[in-house]
Every structure is written in C-alpha cells, then in structure tokens.
>>> print(open('query_9.csv').read())   # CSV, C-alpha atoms
chain,number,residue,atom,x,y,z
A,28,MET,CA,7.5,45.7,112.3
A,29,THR,CA,7.9,47.5,109.0
A,30,LEU,CA,8.5,45.1,106.1
A,31,PRO,CA,11.4,45.9,103.7
A,32,ALA,CA,10.3,47.7,100.5
A,33,PRO,CA,10.4,45.8,97.2
A,34,THR,CA,13.4,46.5,95.0
A,35,LEU,CA,14.5,45.8,91.5
A,36,GLU,CA,17.4,43.5,92.6
A,37,PHE,CA,15.8,40.3,91.4
A,38,GLU,CA,14.5,41.8,88.1
A,39,ARG,CA,18.0,43.0,87.4
A,40,SER,CA,19.5,39.6,88.1
A,41,LEU,CA,17.5,38.2,85.1
A,42,ALA,CA,19.3,40.5,82.7
A,43,THR,CA,22.3,38.3,83.1
A,44,GLN,CA,20.3,35.5,81.5
A,45,GLY,CA,19.8,37.5,78.4
A,46,VAL,CA,16.4,39.0,79.3
A,47,ARG,CA,15.7,42.6,78.3
A,48,PHE,CA,11.9,42.9,78.4
A,49,LEU,CA,10.4,41.2,81.5
A,50,ALA,CA,6.7,40.6,82.0
A,51,CYS,CA,5.8,40.7,85.7
A,52,LEU,CA,2.5,39.3,86.8
A,53,ASP,CA,0.3,39.1,89.9
A,54,GLU,CA,-3.2,38.0,90.5
A,55,VAL,CA,-6.1,39.3,92.6
A,56,GLY,CA,-9.4,37.7,93.5
A,57,ARG,CA,-8.4,34.1,93.4
A,58,GLY,CA,-10.1,33.3,96.7
A,59,ALA,CA,-13.2,35.4,96.3
A,60,LEU,CA,-16.7,33.9,96.2
A,61,ALA,CA,-17.9,36.3,93.5
A,62,GLY,CA,-16.6,38.4,90.7
A,63,PRO,CA,-13.7,38.0,88.3
A,64,VAL,CA,-10.2,36.9,88.9
A,65,SER,CA,-7.8,39.6,87.7
A,66,VAL,CA,-4.2,39.6,86.6
A,67,GLY,CA,-2.0,42.7,86.5
A,68,LEU,CA,0.9,42.8,84.1
A,69,THR,CA,3.9,45.2,83.9
A,70,VAL,CA,6.6,44.9,81.3
A,71,LEU,CA,10.0,46.3,82.4
A,72,ASP,CA,12.9,47.2,80.1
A,73,LEU,CA,15.8,45.8,82.1
A,74,GLU,CA,18.2,48.1,80.3
A,75,GLN,CA,16.4,51.2,81.4
A,76,LEU,CA,15.2,50.4,84.9
A,77,VAL,CA,14.4,53.2,87.3
A,78,GLU,CA,13.6,52.6,90.9
A,79,LEU,CA,9.9,53.0,92.0
A,80,PRO,CA,10.4,52.8,95.8
A,81,GLN,CA,6.8,53.9,96.7
A,82,VAL,CA,5.2,50.7,95.4
A,83,ARG,CA,4.3,47.9,97.8
A,84,ASP,CA,2.2,44.7,97.5
A,85,SER,CA,-1.3,46.0,97.0
A,86,LYS,CA,-2.5,44.3,100.2
A,87,LEU,CA,-0.2,46.6,102.3
A,88,LEU,CA,-1.6,49.8,100.9
A,89,LYS,CA,-4.7,51.7,101.6
A,90,ALA,CA,-7.2,52.0,98.8
A,91,ALA,CA,-6.6,55.7,98.3
A,92,ARG,CA,-2.9,55.2,98.0
A,93,ARG,CA,-3.3,52.3,95.5
A,94,GLU,CA,-5.4,54.6,93.3
A,95,GLU,CA,-2.8,57.3,93.5
A,96,LEU,CA,-0.1,54.9,92.3
A,97,VAL,CA,-2.0,53.6,89.2
A,98,PRO,CA,-1.0,56.4,86.9
A,99,VAL,CA,2.5,56.4,88.4
A,100,VAL,CA,2.9,52.7,87.7
A,101,ARG,CA,1.6,53.1,84.1
A,102,ASP,CA,4.0,55.9,83.4
A,103,TRP,CA,6.9,53.9,85.0
A,104,ALA,CA,6.4,50.6,83.2
A,105,ARG,CA,7.3,50.1,79.6
A,106,HIS,CA,3.8,48.6,79.2
A,107,ALA,CA,1.0,47.8,81.7
A,108,ALA,CA,-2.4,46.1,81.6
A,109,VAL,CA,-5.0,44.1,83.5
A,110,GLY,CA,-7.0,41.1,82.3
A,111,HIS,CA,-10.0,39.5,83.8
A,112,ALA,CA,-11.8,36.2,83.7
A,113,GLN,CA,-15.4,36.2,84.9
A,114,ALA,CA,-17.2,34.0,87.4
A,115,ALA,CA,-18.9,32.0,84.7
A,116,GLU,CA,-15.5,31.2,83.1
A,117,ILE,CA,-14.1,30.1,86.5
A,118,ASP,CA,-17.1,27.8,86.9
A,119,ALA,CA,-16.7,26.4,83.3
A,120,PHE,CA,-13.0,25.9,83.2
A,121,GLY,CA,-11.6,26.1,86.7
A,122,ILE,CA,-9.6,28.7,88.5
A,123,VAL,CA,-6.2,27.8,87.0
A,124,GLU,CA,-7.5,28.1,83.5
A,125,ALA,CA,-9.2,31.3,84.4
A,126,LEU,CA,-6.0,32.8,85.8
A,127,ALA,CA,-4.2,31.9,82.5
A,128,LEU,CA,-7.0,33.4,80.5
A,129,ALA,CA,-7.0,36.7,82.4
A,130,ALA,CA,-3.2,36.9,82.0
A,131,GLU,CA,-3.4,36.4,78.2
A,132,ARG,CA,-6.1,39.0,78.0
A,133,ALA,CA,-3.8,41.4,79.7
A,134,TRP,CA,-1.0,40.3,77.3
A,135,ALA,CA,-3.3,40.9,74.3
A,136,GLN,CA,-3.6,44.6,75.4
A,137,VAL,CA,0.2,44.8,75.7
A,138,ARG,CA,0.7,43.2,72.3
A,139,GLY,CA,-1.9,45.6,70.8
A,140,ALA,CA,0.3,48.5,72.0
A,141,GLY,CA,3.4,47.0,70.4
A,142,GLY,CA,4.8,45.4,73.5
A,143,VAL,CA,7.1,42.4,73.6
A,144,ALA,CA,8.7,40.3,76.4
A,145,ASP,CA,11.5,37.8,76.6
A,146,ALA,CA,10.5,36.2,79.9
A,147,VAL,CA,7.9,36.2,82.7
A,148,LEU,CA,8.3,36.7,86.4
A,149,LEU,CA,5.4,35.1,88.3
A,150,ASP,CA,4.5,35.4,91.9
A,151,GLY,CA,4.2,32.2,93.9
A,152,LYS,CA,5.4,28.6,93.6
A,153,HIS,CA,2.7,27.1,91.2
A,154,ASN,CA,3.1,28.0,87.5
A,155,TRP,CA,-0.6,28.5,86.6
A,156,LEU,CA,0.4,30.4,83.4
A,157,GLN,CA,1.7,27.5,81.3
A,158,ARG,CA,-1.0,24.8,80.6
A,159,PRO,CA,-1.0,21.8,78.3
A,160,ALA,CA,-1.2,22.5,74.5
A,161,ASP,CA,-4.8,21.1,74.4
A,162,SER,CA,-6.0,23.3,77.3
A,163,LEU,CA,-9.6,24.4,77.3
A,164,PHE,CA,-8.2,27.9,77.5
A,165,ASP,CA,-7.4,27.9,73.8
A,166,ALA,CA,-11.1,28.0,73.0
A,167,LEU,CA,-11.4,31.3,74.9
A,168,ALA,CA,-8.0,33.0,74.4
A,169,PRO,CA,-8.0,36.3,72.4
A,170,SER,CA,-7.2,35.7,68.8
A,171,SER,CA,-4.3,38.1,69.1
A,172,THR,CA,-2.6,35.7,71.6
A,173,SER,CA,-3.2,32.4,69.9
A,174,GLY,CA,-3.6,32.7,66.1
A,175,GLU,CA,-1.7,35.6,64.6
A,176,ASP,CA,1.8,35.1,63.2
A,177,ASP,CA,3.2,38.5,64.3
A,178,GLY,CA,6.4,37.1,65.8
A,179,VAL,CA,5.3,37.8,69.3
A,180,PRO,CA,4.8,34.7,71.4
A,181,SER,CA,1.9,34.0,73.8
A,182,LEU,CA,2.8,34.4,77.5
A,183,ARG,CA,2.7,30.6,77.9
A,184,ASP,CA,5.4,30.2,75.3
A,185,LEU,CA,7.9,32.4,77.3
A,186,PRO,CA,10.3,31.1,79.9
A,187,VAL,CA,8.7,31.6,83.4
A,188,THR,CA,10.6,32.4,86.6
A,189,MET,CA,8.7,31.6,89.8
A,190,ARG,CA,9.4,33.6,93.0
A,191,ILE,CA,7.6,33.1,96.3
A,192,LYS,CA,6.4,36.4,97.7
A,193,ALA,CA,7.6,38.3,94.6
A,194,ASP,CA,4.8,40.7,95.3
A,195,MET,CA,6.6,41.6,98.5
A,196,ASP,CA,10.1,42.0,97.2
A,197,CYS,CA,10.0,42.7,93.4
A,198,GLN,CA,8.9,46.2,92.3
A,199,GLY,CA,7.6,44.9,88.9
A,200,VAL,CA,5.3,42.4,90.5
A,201,ALA,CA,4.2,44.7,93.3
A,202,ALA,CA,3.3,47.3,90.7
A,203,ALA,CA,1.3,44.7,88.8
A,204,SER,CA,-0.6,43.8,92.0
A,205,ILE,CA,-1.6,47.4,92.4
A,206,LEU,CA,-3.0,47.7,88.9
A,207,ALA,CA,-5.0,44.4,89.3
A,208,LYS,CA,-6.3,45.3,92.8
A,209,VAL,CA,-7.6,48.8,91.8
A,210,GLU,CA,-9.2,47.6,88.6
A,211,ARG,CA,-10.9,44.6,90.2
A,212,ASP,CA,-12.1,46.7,93.1
A,213,GLU,CA,-13.7,49.1,90.7
A,214,LEU,CA,-15.5,46.3,88.9
A,215,MET,CA,-16.8,44.9,92.2
A,216,ALA,CA,-18.1,48.4,93.1
A,217,VAL,CA,-20.0,48.5,89.8
A,218,MET,CA,-21.5,45.0,90.4
A,219,ALA,CA,-22.5,46.1,93.9
A,220,GLN,CA,-24.9,48.6,92.4
A,221,GLU,CA,-26.8,45.8,90.7
A,222,PHE,CA,-26.6,43.4,93.7
A,223,PRO,CA,-26.4,45.7,96.8
A,224,MET,CA,-27.4,43.0,99.3
A,225,PHE,CA,-24.0,41.4,99.1
A,226,GLY,CA,-21.9,44.4,100.2
A,227,TRP,CA,-19.3,43.9,97.4
A,228,GLU,CA,-18.3,47.6,97.5
A,229,ILE,CA,-16.8,46.7,100.9
A,230,ASN,CA,-15.9,43.0,100.8
A,231,LYS,CA,-15.0,42.8,97.1
A,232,GLY,CA,-16.6,39.4,96.8
A,233,TYR,CA,-14.7,37.7,99.5
A,234,GLY,CA,-16.4,35.4,102.0
A,235,THR,CA,-17.1,37.8,104.9
A,236,ALA,CA,-19.8,37.3,107.4
A,237,VAL,CA,-22.0,39.9,105.8
A,238,HIS,CA,-21.5,38.3,102.4
A,239,LYS,CA,-22.4,34.8,103.6
A,240,THR,CA,-25.4,36.0,105.5
A,241,ALA,CA,-26.7,37.6,102.3
A,242,LEU,CA,-26.0,34.4,100.4
A,243,ARG,CA,-28.2,32.5,102.9
A,244,GLU,CA,-31.0,35.0,102.6
A,245,HIS,CA,-30.9,35.7,98.9
A,246,GLY,CA,-29.0,32.8,97.3
A,247,ALA,CA,-26.3,33.1,94.7
A,248,CYS,CA,-26.5,35.5,91.8
A,249,GLU,CA,-25.0,35.4,88.3
A,250,GLN,CA,-21.7,36.9,89.6
A,251,HIS,CA,-21.1,34.2,92.1
A,252,ARG,CA,-18.8,31.3,91.4
A,253,ARG,CA,-21.5,28.7,91.6
A,254,SER,CA,-19.2,25.7,91.3
A,255,TRP,CA,-17.5,26.7,94.6
A,256,LYS,CA,-18.7,25.8,98.1
A,257,LEU,CA,-20.1,29.2,98.8
A,258,LEU,CA,-21.3,28.5,102.3
>>> encode(input="query_9.csv", output="structure tokens")
Amino acid sequence: MTLPAPTLEFERSLATQGVRFLACLDEVGRGALAGPVSVGLTVLDLEQLVELPQVRDSKLLKAARREELVPVVRDWARHAAVGHAQAAEIDAFGIVEALALAAERAWAQVRGAGGVADAVLLDGKHNWLQRPADSLFDALAPSSTSGEDDGVPSLRDLPVTMRIKADMDCQGVAAASILAKVERDELMAVMAQEFPMFGWEINKGYGTAVHKTALREHGACEQHRRSWKLL
C-alpha cells in the first residue's frame, strides 16, 4: 500500500495562530549504537509556502533519492541546517540532552544566516527540545544560542507544537529528516574508514548482526555510545 505523501496542510494551520516563520525539526540516529545523533531543521515562511510534493520521510526513500533532494530542500526552505551531538556527549549528558544540543547547533547555523522563527514543529509525542533552565546542555550550547542579546530566542524558548508522525505527513518535517539522514550517513561513512571492522558505511551505526559480531570481536571504539548496552 502506498502511503499518502506529506503535505503543508498542518503547517498552514499554524499560520492562524500568528506564526509566520516555522522551524520544523526531525532527528536521526537516536537508536544507533555508534556515531552522532543528528537533527535536521527547516524554517518555512508560512506566508510564502510552495508545495514540495517529492519529499517523503527519509526512511521511505532510497539513499540516491535522498541525496538528490538535499539541494532541492535547501533551495525550497527559507533556511535549513543540520546539527550533531557526538557519542561522547550522549554518554556524558544522555540522549535527550544530546538531541537538544544537536538542535541548538542547527539553530546556531540558521541564526548565523539571519534566520528567525516564531514557533517549532517537532515530530513525535515527547518534547525533548525544551529542558529545565539549569540543564547540563547550557554548558555545551553554542554561545550564539545562549548568550548573545540579538533579539532572536533560543529554540527552547519558542512555543513547540508536537505532532506524532509529522515526518510522514508534514513536508517541512519530512524535508528536515532528509537533510539529517544524508548528513549523518556521510559522517558514518567517513568514520567507517577509520573503523572498517564495524561496517558503518552499511549499517550507519545501528545494531545489526554484523555490527554486534564486530563488537564482540574488537570491543567498543571511541565512536560507540559506551554508556549504552551495546550487546
């Protein structure tokens, strides 16, 4: 059965709430055993939306098609970026803090390009973006997202709308997922050159049989999330 393509219907509905610039986020790599967790971000101008019907959730597209769509998405969105948090940061601060850190790193890129947003659209039902004010994240956040008085708030200070399976039915979130997936896959391919025994160019750090067999034989390396139950 062919799944319905994502649309801009939900994004447009947020314009009635006074939102013009909407930051759409999706994460990739949350369940991997190795490598970074990555967050893709697209900012849409809800007053100038144009349909991008070819996008799908990144998991539904072949690698070559995702790569073809990256420049299309970057031209389509008002702003676009990807942020990462590394395995050591996941170990030190936990996956939720790492997701928020990756998101703010993406946001720092957008802010550096003059981007703004009025609200956030986040895939899922758990708001991992907004943490307590004394979060450990603050020690790691880019200075451009936590210290400068430039009038542009941090992502965590913006109102967040959660939507389950937004990556499946919202074009802005699906587009963000494509950016995150392609960039993270590229990082894993580079890491695979240094640690070829784990097959990361194929499994992208997830717990496949090949990956776990290599872990038993060679043990974990610096790119593994050592705080996790790897086997």
>>> closest_atom_pairs(input="query_9.csv", of="segment 78-125 of chain A", to="segment 136-147 of chain A", cutoff="12 Å", atoms="only C-alpha atoms", output="Markdown table")
| residue | atom | partner | partner_atom | distance |
| --- | --- | --- | --- | --- |
| A:Arg101 | CA | A:Val137 | CA | 11.9 |
| A:Ala104 | CA | A:Gly142 | CA | 11.1 |
| A:Arg105 | CA | A:Gly142 | CA | 8.1 |
| A:His106 | CA | A:Val137 | CA | 6.3 |
| A:Ala107 | CA | A:Val137 | CA | 6.8 |
| A:Ala108 | CA | A:Gln136 | CA | 6.5 |
| A:Val109 | CA | A:Gln136 | CA | 8.2 |
| A:Gly110 | CA | A:Gln136 | CA | 8.5 |
| A:His111 | CA | A:Gln136 | CA | 11.7 |
>>> atom_distance(input="query_9.csv", atom1="atom CA of Gln113 of chain A", atom2="atom CA of Phe222 of chain A")
16.0 Å
>>> closest_residue(input="query_9.csv", among="A:Val100, A:Ala129, A:Ala112, A:Ala42", to="Val82 of chain A", atoms="all atoms listed in the file")
A:Val100
>>> residues_around(input="query_9.csv", residues="Asp72 of chain A", least_positions_apart="4", cutoff="7 Å", atoms="only C-alpha atoms", output="MDAnalysis selection string")
chainID A and resid 47:49 76 105
>>> closest_residue(input="query_9.csv", among="A:Pro98, A:Gly232, A:Pro31, A:Gly151", to="Glu54 of chain A", atoms="only C-alpha atoms")
A:Gly151
>>> residues_around(input="query_9.csv", residues="Asp84 of chain A", least_positions_apart="6", cutoff="7 Å", atoms="all atoms listed in the file", output="PyMOL selection string")
chain A and resi 194-195+201+204-205
>>> atom_distance(input="query_9.csv", atom1="atom CA of Ala203 of chain A", atom2="atom CA of Glu221 of chain A")
28.2 Å
>>> residues_around(input="query_9.csv", residues="Arg243 of chain A", least_positions_apart="5", cutoff="12 Å", atoms="all atoms listed in the file", output="list in words")
Met224, Phe225, Ala236, Val237, His238, Cys248, Leu257 and Leu258 of chain A
>>> atom_distance(input="query_9.csv", atom1="atom CA of Glu244 of chain A", atom2="atom CA of Val209 of chain A")
29.2 Å
>>> closest_residue(input="query_9.csv", among="A:Gly246, A:Pro63, A:Pro180, A:Pro186", to="Ala135 of chain A", atoms="only C-alpha atoms")
A:Pro180
>>> residues_near_point(input="query_9.csv", point="(14.3, 46.7, 89.1)", cutoff="7 Å", atoms="all atoms listed in the file", output="JSON, numbers by chain")
{"A": [34, 35, 36, 37, 38, 39, 76, 77, 78, 198, 199]}
>>> closest_residue(input="query_9.csv", among="A:Ala216, A:Val46, A:Gly56, A:Glu210", to="Ile117 of chain A", atoms="all atoms listed in the file")
A:Gly56
>>> closest_residue(input="query_9.csv", among="A:His153, A:Lys239, A:Arg211, A:His245", to="Gly62 of chain A", atoms="only C-alpha atoms")
A:Arg211
